[in-house]
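J.: So I've got this file, structure.txt, and it contains compact mmCIF, C-alpha atoms and all ligand atoms:
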# COMPACT_ATOMS: atom_id res chain seq x y z
CA MET A 25 78.10 261.88 96.58
CA PHE A 26 80.68 264.66 96.43
CA PHE A 27 82.85 266.35 93.80
CA ASP A 28 86.47 267.35 94.35
CA THR A 29 86.33 270.58 92.37
CA HIS A 30 90.05 271.42 92.40
CA THR A 31 92.84 268.85 92.18
CA HIS A 32 96.31 268.71 90.69
CA LEU A 33 96.23 265.00 89.87
CA ASN A 34 98.31 266.01 86.84
CA PHE A 35 101.31 266.75 89.10
CA PRO A 36 104.21 264.27 89.39
CA GLU A 37 103.10 263.28 92.92
CA PHE A 38 100.37 261.12 91.32
CA ALA A 39 102.33 259.71 88.39
CA GLY A 40 102.78 256.32 90.05
CA ASP A 41 99.33 255.47 91.40
CA LEU A 42 96.63 257.52 89.70
CA SER A 43 94.24 254.60 89.15
CA GLU A 44 94.40 253.65 92.84
CA VAL A 45 93.88 257.30 93.82
CA VAL A 46 90.75 257.52 91.66
CA ALA A 47 89.46 254.18 93.00
CA ARG A 48 89.95 255.33 96.62
CA ALA A 49 88.11 258.58 95.84
CA LYS A 50 85.10 256.65 94.53
CA ASP A 51 85.12 254.34 97.56
CA ALA A 52 84.98 257.45 99.73
CA GLY A 53 82.04 258.90 97.78
CA VAL A 54 83.95 261.38 95.60
CA PHE A 55 82.73 260.63 92.08
CA ARG A 56 83.97 263.61 90.07
CA MET A 57 87.33 265.35 90.16
CA ILE A 58 88.43 268.43 88.25
CA VAL A 59 92.10 268.29 87.26
CA VAL A 60 93.43 271.82 87.07
CA GLY A 61 96.21 272.95 84.75
CA THR A 62 98.77 275.50 85.87
CA ASP A 63 100.46 276.05 82.48
CA PHE A 64 100.02 274.76 78.93
CA GLU A 65 101.74 271.42 79.51
CA THR A 66 99.82 270.53 82.67
CA SER A 67 96.58 271.69 81.02
CA VAL A 68 97.10 269.30 78.10
CA ARG A 69 97.97 266.54 80.57
CA ALA A 70 94.73 267.24 82.48
CA ILE A 71 92.74 266.73 79.27
CA GLU A 72 94.59 263.50 78.44
CA MET A 73 93.83 262.18 81.93
CA ALA A 74 90.16 263.15 81.60
CA GLU A 75 89.99 261.25 78.32
CA LYS A 76 91.18 258.09 80.08
CA HIS A 77 89.10 258.31 83.27
CA SER A 78 85.37 259.01 83.17
CA GLU A 79 85.54 260.51 86.71
CA LEU A 80 88.06 263.19 85.73
CA PHE A 81 87.38 266.55 84.07
CA ALA A 82 89.83 269.32 83.16
CA ALA A 83 90.32 273.04 83.74
CA VAL A 84 92.89 274.70 81.49
CA GLY A 85 94.89 277.81 82.30
CA TRP A 86 98.15 279.36 83.45
CA HIS A 87 98.71 279.97 87.17
CA PRO A 88 99.62 283.56 88.17
CA SER A 89 102.72 282.32 90.04
CA GLY A 90 104.19 281.34 86.65
CA ALA A 91 103.00 284.46 84.84
CA LEU A 92 106.52 285.53 83.87
CA ASP A 93 107.01 282.23 81.99
CA ALA A 94 103.80 282.56 79.97
CA PRO A 95 103.70 283.70 76.34
CA ASP A 96 102.65 287.34 75.88
CA ASP A 97 99.27 286.18 74.72
CA ILE A 98 98.13 282.74 75.87
CA ARG A 99 94.83 282.90 73.99
CA PRO A 100 95.89 281.33 70.68
CA ILE A 101 97.23 278.13 72.25
CA PHE A 102 94.50 277.73 74.88
CA ARG A 103 91.57 278.62 72.62
CA LYS A 104 91.93 275.27 70.84
CA LEU A 105 91.47 273.33 74.08
CA LEU A 106 88.22 274.89 75.21
CA ASP A 107 85.81 273.01 72.95
CA HIS A 108 86.97 269.68 74.32
CA PRO A 109 83.95 267.97 75.91
CA LYS A 110 85.81 267.37 79.18
CA VAL A 111 87.17 270.90 79.62
CA VAL A 112 84.74 272.37 82.13
CA ALA A 113 86.49 275.63 83.12
CA VAL A 114 89.22 278.16 82.36
CA GLY A 115 91.93 278.25 85.02
CA GLU A 116 93.79 278.14 87.22
CA THR A 117 94.10 281.87 86.82
CA GLY A 118 93.90 284.98 89.01
CA LEU A 119 96.40 286.99 91.02
CA GLU A 120 99.04 286.04 93.60
CA ASN A 121 100.20 288.89 95.77
CA GLN A 122 101.76 286.96 98.63
CA ARG A 123 104.50 285.13 96.77
CA LEU A 124 105.53 287.48 94.02
CA ARG A 125 108.66 285.97 92.55
CA ASN A 126 110.31 289.37 92.39
CA SER A 127 109.40 290.55 95.86
CA GLY A 128 112.56 291.91 97.43
CA CYS A 129 113.98 292.64 93.96
CA GLY A 130 112.83 296.23 93.98
CA ALA A 131 109.56 298.00 93.42
CA GLU A 132 109.97 298.22 89.68
CA ARG A 133 110.34 294.48 89.01
CA GLU A 134 107.55 293.75 91.45
CA ALA A 135 105.26 296.22 89.67
CA HIS A 136 106.15 294.62 86.34
CA GLU A 137 105.29 291.15 87.60
CA LYS A 138 101.94 292.38 88.93
CA GLN A 139 101.23 293.95 85.56
CA VAL A 140 101.99 290.67 83.75
CA GLN A 141 99.72 288.74 86.13
CA ARG A 142 96.88 291.18 85.49
CA ARG A 143 97.27 290.94 81.71
CA LEU A 144 97.32 287.13 81.89
CA PHE A 145 94.20 287.05 84.08
CA VAL A 146 92.28 289.31 81.67
CA GLN A 147 93.26 287.01 78.78
CA HIS A 148 91.70 284.11 80.71
CA LEU A 149 88.54 286.16 81.24
CA HIS A 150 88.37 286.79 77.49
CA LEU A 151 88.76 283.08 76.81
CA ALA A 152 86.01 282.29 79.30
CA GLU A 153 83.68 284.86 77.77
CA GLU A 154 84.31 283.57 74.25
CA SER A 155 83.77 279.93 75.16
CA GLY A 156 80.89 280.35 77.60
CA LEU A 157 82.93 278.70 80.37
CA ASN A 158 83.54 280.08 83.87
CA VAL A 159 86.88 280.57 85.62
CA VAL A 160 88.82 278.99 88.50
CA VAL A 161 90.38 281.86 90.40
CA HIS A 162 93.40 281.99 92.67
CA HIS A 163 93.21 285.21 94.71
CA ARG A 164 95.82 285.14 97.45
CA GLN A 165 95.80 288.56 99.12
CA ALA A 166 94.26 289.89 95.93
CA LEU A 167 90.48 289.69 96.25
CA ASP A 168 89.87 293.38 95.53
CA ASP A 169 92.05 293.37 92.43
CA VAL A 170 90.47 290.15 91.14
CA LEU A 171 86.95 291.54 91.54
CA GLU A 172 87.99 294.79 89.87
CA LEU A 173 89.36 292.97 86.80
CA MET A 174 86.26 290.77 86.64
CA GLU A 175 83.87 293.73 86.74
CA PRO A 176 83.73 294.32 82.95
CA PHE A 177 82.84 290.62 82.54
CA ARG A 178 80.11 290.63 85.19
CA ASN A 179 77.37 289.62 82.75
CA SER A 180 79.29 286.80 81.11
CA VAL A 181 81.83 285.18 83.46
CA ARG A 182 81.51 283.80 86.98
CA ALA A 183 84.23 282.34 89.17
CA GLN A 184 85.08 279.65 91.65
CA PHE A 185 87.08 281.53 94.30
CA HIS A 186 89.34 278.59 94.92
CA CYS A 187 90.83 277.94 98.38
CA PHE A 188 88.78 280.64 100.07
CA VAL A 189 90.28 281.71 103.42
CA GLY A 190 88.99 285.28 103.68
CA SER A 191 86.80 287.24 106.08
CA GLU A 192 83.02 287.30 106.39
CA ALA A 193 82.92 290.62 104.49
CA GLU A 194 85.03 289.14 101.69
CA LEU A 195 82.80 286.08 101.49
CA ARG A 196 79.79 288.35 101.16
CA ARG A 197 81.45 290.19 98.29
CA VAL A 198 82.15 286.91 96.49
CA PHE A 199 78.49 285.95 96.84
CA GLU A 200 77.07 289.38 95.98
CA THR A 201 78.97 289.36 92.71
CA GLY A 202 77.33 286.04 91.81
CA ASN A 203 80.39 283.90 92.42
CA VAL A 204 81.11 280.73 94.36
CA ALA A 205 83.55 280.23 97.27
CA SER A 206 85.41 276.95 97.43
CA PHE A 207 86.82 275.54 100.69
CA THR A 208 89.79 273.22 101.21
CA GLY A 209 91.12 271.13 104.09
CA ILE A 210 92.25 274.36 105.74
CA LEU A 211 88.71 274.45 107.19
CA THR A 212 89.70 271.51 109.44
CA TYR A 213 92.93 273.02 110.77
CA LYS A 214 93.14 273.61 114.48
CA ASN A 215 94.07 277.26 114.07
CA ALA A 216 91.30 277.95 111.51
CA GLY A 217 88.57 278.86 114.01
CA ASP A 218 87.98 282.20 112.28
CA LEU A 219 87.50 280.50 108.92
CA ARG A 220 84.99 278.07 110.47
CA ASP A 221 83.06 281.06 111.85
CA VAL A 222 83.09 282.64 108.38
CA PHE A 223 81.94 279.37 106.82
CA ARG A 224 78.97 279.18 109.21
CA THR A 225 77.66 282.40 107.61
CA ALA A 226 77.96 281.09 104.03
CA GLN A 227 75.02 280.62 101.66
CA LEU A 228 74.93 276.86 101.18
CA GLU A 229 74.03 277.19 97.51
CA GLN A 230 77.17 279.24 96.80
CA VAL A 231 79.87 277.00 98.25
CA MET A 232 81.90 274.13 96.85
CA PHE A 233 84.64 271.88 98.19
CA GLU A 234 88.03 270.85 96.94
CA THR A 235 91.23 269.24 98.16
CA ASP A 236 93.76 271.27 96.08
CA CYS A 237 95.69 267.98 96.28
CA PRO A 238 98.57 267.14 96.58
CA TYR A 239 98.53 270.12 98.96
CA LEU A 240 96.49 270.96 102.07
CA ALA A 241 95.56 267.53 103.43
CA PRO A 242 92.81 267.95 106.03
CA VAL A 243 93.09 266.92 109.69
CA PRO A 244 93.79 264.09 110.65
CA LEU A 245 95.92 263.59 107.52
CA ARG A 246 97.62 266.98 107.63
CA GLY A 247 101.18 266.86 106.32
CA LYS A 248 100.60 263.78 104.15
CA ARG A 249 100.17 263.81 100.38
CA CYS A 250 96.57 264.90 99.96
CA GLU A 251 94.28 263.05 97.53
CA PRO A 252 90.59 263.38 96.56
CA ALA A 253 89.40 260.68 99.01
CA HIS A 254 90.46 263.04 101.81
CA LEU A 255 87.75 265.51 100.75
CA ILE A 256 85.38 263.57 103.00
CA GLU A 257 87.16 264.81 106.15
CA THR A 258 86.52 268.40 105.09
CA VAL A 259 82.89 267.95 104.02
CA ARG A 260 82.07 265.96 107.15
CA LEU A 261 83.21 268.85 109.31
CA ALA A 262 81.52 271.40 107.05
CA ALA A 263 78.19 269.54 107.20
CA GLU A 264 78.51 269.48 110.98
CA LEU A 265 79.15 273.23 111.09
CA LYS A 266 76.02 273.76 109.00
CA GLN A 267 74.06 271.08 110.89
CA ILE A 268 72.94 269.43 107.70
CA ALA A 269 72.90 265.74 106.71
CA MET A 270 75.85 264.62 104.57
CA GLU A 271 73.52 263.41 101.85
CA ASP A 272 71.78 266.77 101.48
CA PHE A 273 75.09 268.56 101.69
CA GLY A 274 76.48 266.46 98.84
CA ARG A 275 73.41 267.05 96.69
CA ILE A 276 73.47 270.83 97.19
CA THR A 277 77.20 271.32 96.63
CA CYS A 278 77.30 269.06 93.56
CA ALA A 279 74.39 271.01 92.05
CA THR A 280 76.34 274.23 92.62
CA ALA A 281 79.38 272.79 90.85
CA GLN A 282 77.23 271.72 87.89
CA ARG A 283 75.62 275.16 87.68
CA LEU A 284 79.03 276.83 87.58
CA PHE A 285 80.57 274.20 85.30
CA PRO A 286 77.71 272.90 83.11
CA LYS A 287 79.96 270.47 81.21
CA LEU A 288 80.59 268.58 84.48
CA HIS A 289 78.20 265.65 84.32
ZN ZN A 301 95.43 274.82 92.58
What's the structure tokens form of this structure?
T.:
Amino acid sequence: MFFDTHTHLNFPEFAGDLSEVVARAKDAGVFRMIVVGTDFETSVRAIEMAEKHSELFAAVGWHPSGALDAPDDIRPIFRKLLDHPKVVAVGETGLENQRLRNSGCGAEREAHEKQVQRRLFVQHLHLAEESGLNVVVHHRQALDDVLELMEPFRNSVRAQFHCFVGSEAELRRVFETGNVASFTGILTYKNAGDLRDVFRTAQLEQVMFETDCPYLAPVPLRGKRCEPAHLIETVRLAAELKQIAMEDFGRITCATAQRLFPKLH
């Protein structure tokens, strides 16, 4: 049994065949899926989907790539969602340095956008602290800044470092700060030998898996619409890299997900 800990089943790509997608996931051994919101609307949709399907759970938040579209303070509207029994985490939140919308528009606009992203991320950390939930963190080229902003919350909030693709030193920092690294289908890519080497050094109890679907389909499905059933390709390879039986691997990684997200059951 495995959990797909980060999906965007709330995106239009799945509007036509969600029930089949969930059924295929279960056939493949993926029994829980977290549907991650990227703004208010997709967060509400994630909750509605989780109400209809027992296998689905929701994370609610506003993605840093859309930070400029967010209200100045997202807390009032999101606070109301957090008590919902199927909301297991706050996110997707974090920082995105690689694809700043204003990059190339001058240093001033870029600095402003970074500032807005940071403010939005801290608001999510406040929401997590208040509600006792943990966060789902996007950290593209921004690990240091993310860890710096999380530091004041070190006793109350932990994070899933979603789509981890960093170095061995970065992985160690994620673990040393009590957080969890989450791996996608990128682990299976031909040119990801370095990431596989990094993964071999990981503490098994501090890793989780995800598809980030509809993106990042693993080999041999790369380029297709990704869906939770495809998680199996990634975990099969990961179990091989760790030389551990699939069954044990599933048990350990699901327990990690339930420790980080206690409402996931
Ligand atoms: Zn995502």
J.: Using only C-alpha atoms and all ligand atoms, what does the table of chain A residues within 10 Å of ligand ZN 301 (chain A) look like, with each row giving the shortest atom pair and its distance in Å to one decimal, sorted by chain and ascending number, as CSV?
T.:
residue,atom,partner,partner_atom,distance
A:His30,CA,A:ZN301,ZN,6.4
A:Thr31,CA,A:ZN301,ZN,6.5
A:His32,CA,A:ZN301,ZN,6.5
A:Val59,CA,A:ZN301,ZN,9.1
A:Val60,CA,A:ZN301,ZN,6.6
A:Gly61,CA,A:ZN301,ZN,8.1
A:Thr62,CA,A:ZN301,ZN,7.5
A:His87,CA,A:ZN301,ZN,8.2
A:Gly115,CA,A:ZN301,ZN,9.0
A:Glu116,CA,A:ZN301,ZN,6.5
A:Thr117,CA,A:ZN301,ZN,9.2
A:Val160,CA,A:ZN301,ZN,8.8
A:Val161,CA,A:ZN301,ZN,8.9
A:His162,CA,A:ZN301,ZN,7.5
A:His186,CA,A:ZN301,ZN,7.5
A:Cys187,CA,A:ZN301,ZN,8.0
A:Glu234,CA,A:ZN301,ZN,9.5
A:Thr235,CA,A:ZN301,ZN,8.9
A:Asp236,CA,A:ZN301,ZN,5.3
A:Cys237,CA,A:ZN301,ZN,7.8
A:Pro238,CA,A:ZN301,ZN,9.2
A:Tyr239,CA,A:ZN301,ZN,8.5
J.: Is it possible to get the axis-aligned box enclosing stretch 59-62 of chain A (all listed atoms, 3 Å extra per side) as AutoDock Vina command-line options, with centre and edge lengths in Å rounded to one decimal?
T.:
--center_x 95.4 --center_y 271.9 --center_z 86.0 --size_x 12.7 --size_y 13.2 --size_z 8.5
J.: To one decimal place in Å, what is the distance between atom CA of A:Ala113 and atom CA of A:Thr212?
T.: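 Atom CA of A:Ala113 sits 26.8 Å away from atom CA of A:Thr212.
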J.: Give the answer as one residue: which of A:Met57, A:Ile256, A:Met174, A:Val189 has the shortest atom-to-atom distance to A:Asp218, using only C-alpha atoms?
T.: A:Val189
J.: Write out as a list in words the residues lying within 12 Å of A:Glu154, counting all atoms listed in the file and excluding same-chain residues fewer than 6 positions away.
T.: Arg99, Phe102, Arg103, Lys104, Leu106, Asp107, Val114, Gln147, His148, Phe177, Ser180 and Val181 of chain A
J.: So which residues are close to (103.2, 286.5, 93.8), meaning at most 10 Å away in the file's coordinates with all atoms listed in the file counted, and can you show them as number ranges by chain?
T.: A: 88-91, 119-127, 134, 137-138, 141, 164-166
J.: Could you pull the residues within 10 Å of A:Ser78, counting only C-alpha atoms, minus those fewer than 4 positions along the same chain, as an NGL selection string?
T.: :A and (55-57 or 73-74 or 110 or 289)
J.: Work out how far atom CA of A:Lys287 is from atom CA of A:Val46, in Å to one decimal.
T.: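 Interatomic distance here is 19.8 Å.
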J.: Would you mind reading off the distance between atom CA of A:Val146 and atom CA of A:Glu65, one decimal, in Å?
T.: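 Value for the atom CA of A:Val146-atom CA of A:Glu65 distance: 20.4 Å.
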J.: Report as a tab-separated table: every residue of stretch 179-213 of chain A with an atom at most 7 Å from stretch 241-247 of chain A, its closest pair of atoms, and their distance in Å to one decimal, counting only C-alpha atoms, with rows sorted by chain and ascending residue number.
T.:
residue	atom	partner	partner_atom	distance
A:Gly209	CA	A:Pro242	CA	4.1
A:Ile210	CA	A:Pro242	CA	6.4
A:Thr212	CA	A:Val243	CA	5.7
A:Tyr213	CA	A:Val243	CA	6.2
J.: For A:Val222, please output as JSON, numbers by chain all residues within 12 Å (counting all atoms listed in the file; exclusion window: fewer than 2 positions along the same chain).
T.: {"A": [188, 189, 190, 191, 192, 193, 194, 195, 196, 205, 207, 211, 216, 217, 218, 219, 220, 224, 225, 226, 227, 262, 265, 266]}
J.: Here is a test: counting all atoms listed in the file, which residue of A:Leu80, A:Ile101, A:Met25, A:Ala152 is nearest to A:Gly53?
T.: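 Of all the options, A:Met25 lies closest to A:Gly53.
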J.: Dig up all the protein and nucleic acid residues within 12 Å of (80.6, 288.9, 90.2) in the file frame, using all atoms listed in the file, and format them as a ChimeraX atom specification.
T.: /A:158-159,167-168,170-185,195-205
J.: Could you pull the residues within 7 Å of A:Glu229, counting all atoms listed in the file, minus those fewer than 2 positions along the same chain, as a list in words?
T.: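 Surrounding residues, per the criterion: Gln227, Val231, Ile276, Thr277 and Thr280 of chain A.
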J.: For the selection just defined, write its residues with C-alpha atoms to a file, as an mmCIF file, keeping the file's coordinate frame.
T.:
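Output file selection.cif follows:
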data_model
loop_
_atom_site.group_PDB
_atom_site.id
_atom_site.type_symbol
_atom_site.label_atom_id
_atom_site.label_comp_id
_atom_site.auth_asym_id
_atom_site.auth_seq_id
_atom_site.Cartn_x
_atom_site.Cartn_y
_atom_site.Cartn_z
ATOM 1 C CA GLN A 227 75.020 280.620 101.660
ATOM 2 C CA VAL A 231 79.870 277.000 98.250
ATOM 3 C CA ILE A 276 73.470 270.830 97.190
ATOM 4 C CA THR A 277 77.200 271.320 96.630
ATOM 5 C CA THR A 280 76.340 274.230 92.620
#
J.: Hey, which of A:Phe285, A:Phe81, A:Phe273, A:Phe35 ends up closest to A:Thr66? Count all atoms listed in the file.
T.: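 Ranking A:Phe285, A:Phe81, A:Phe273, A:Phe35 by distance to A:Thr66, first place goes to A:Phe35.
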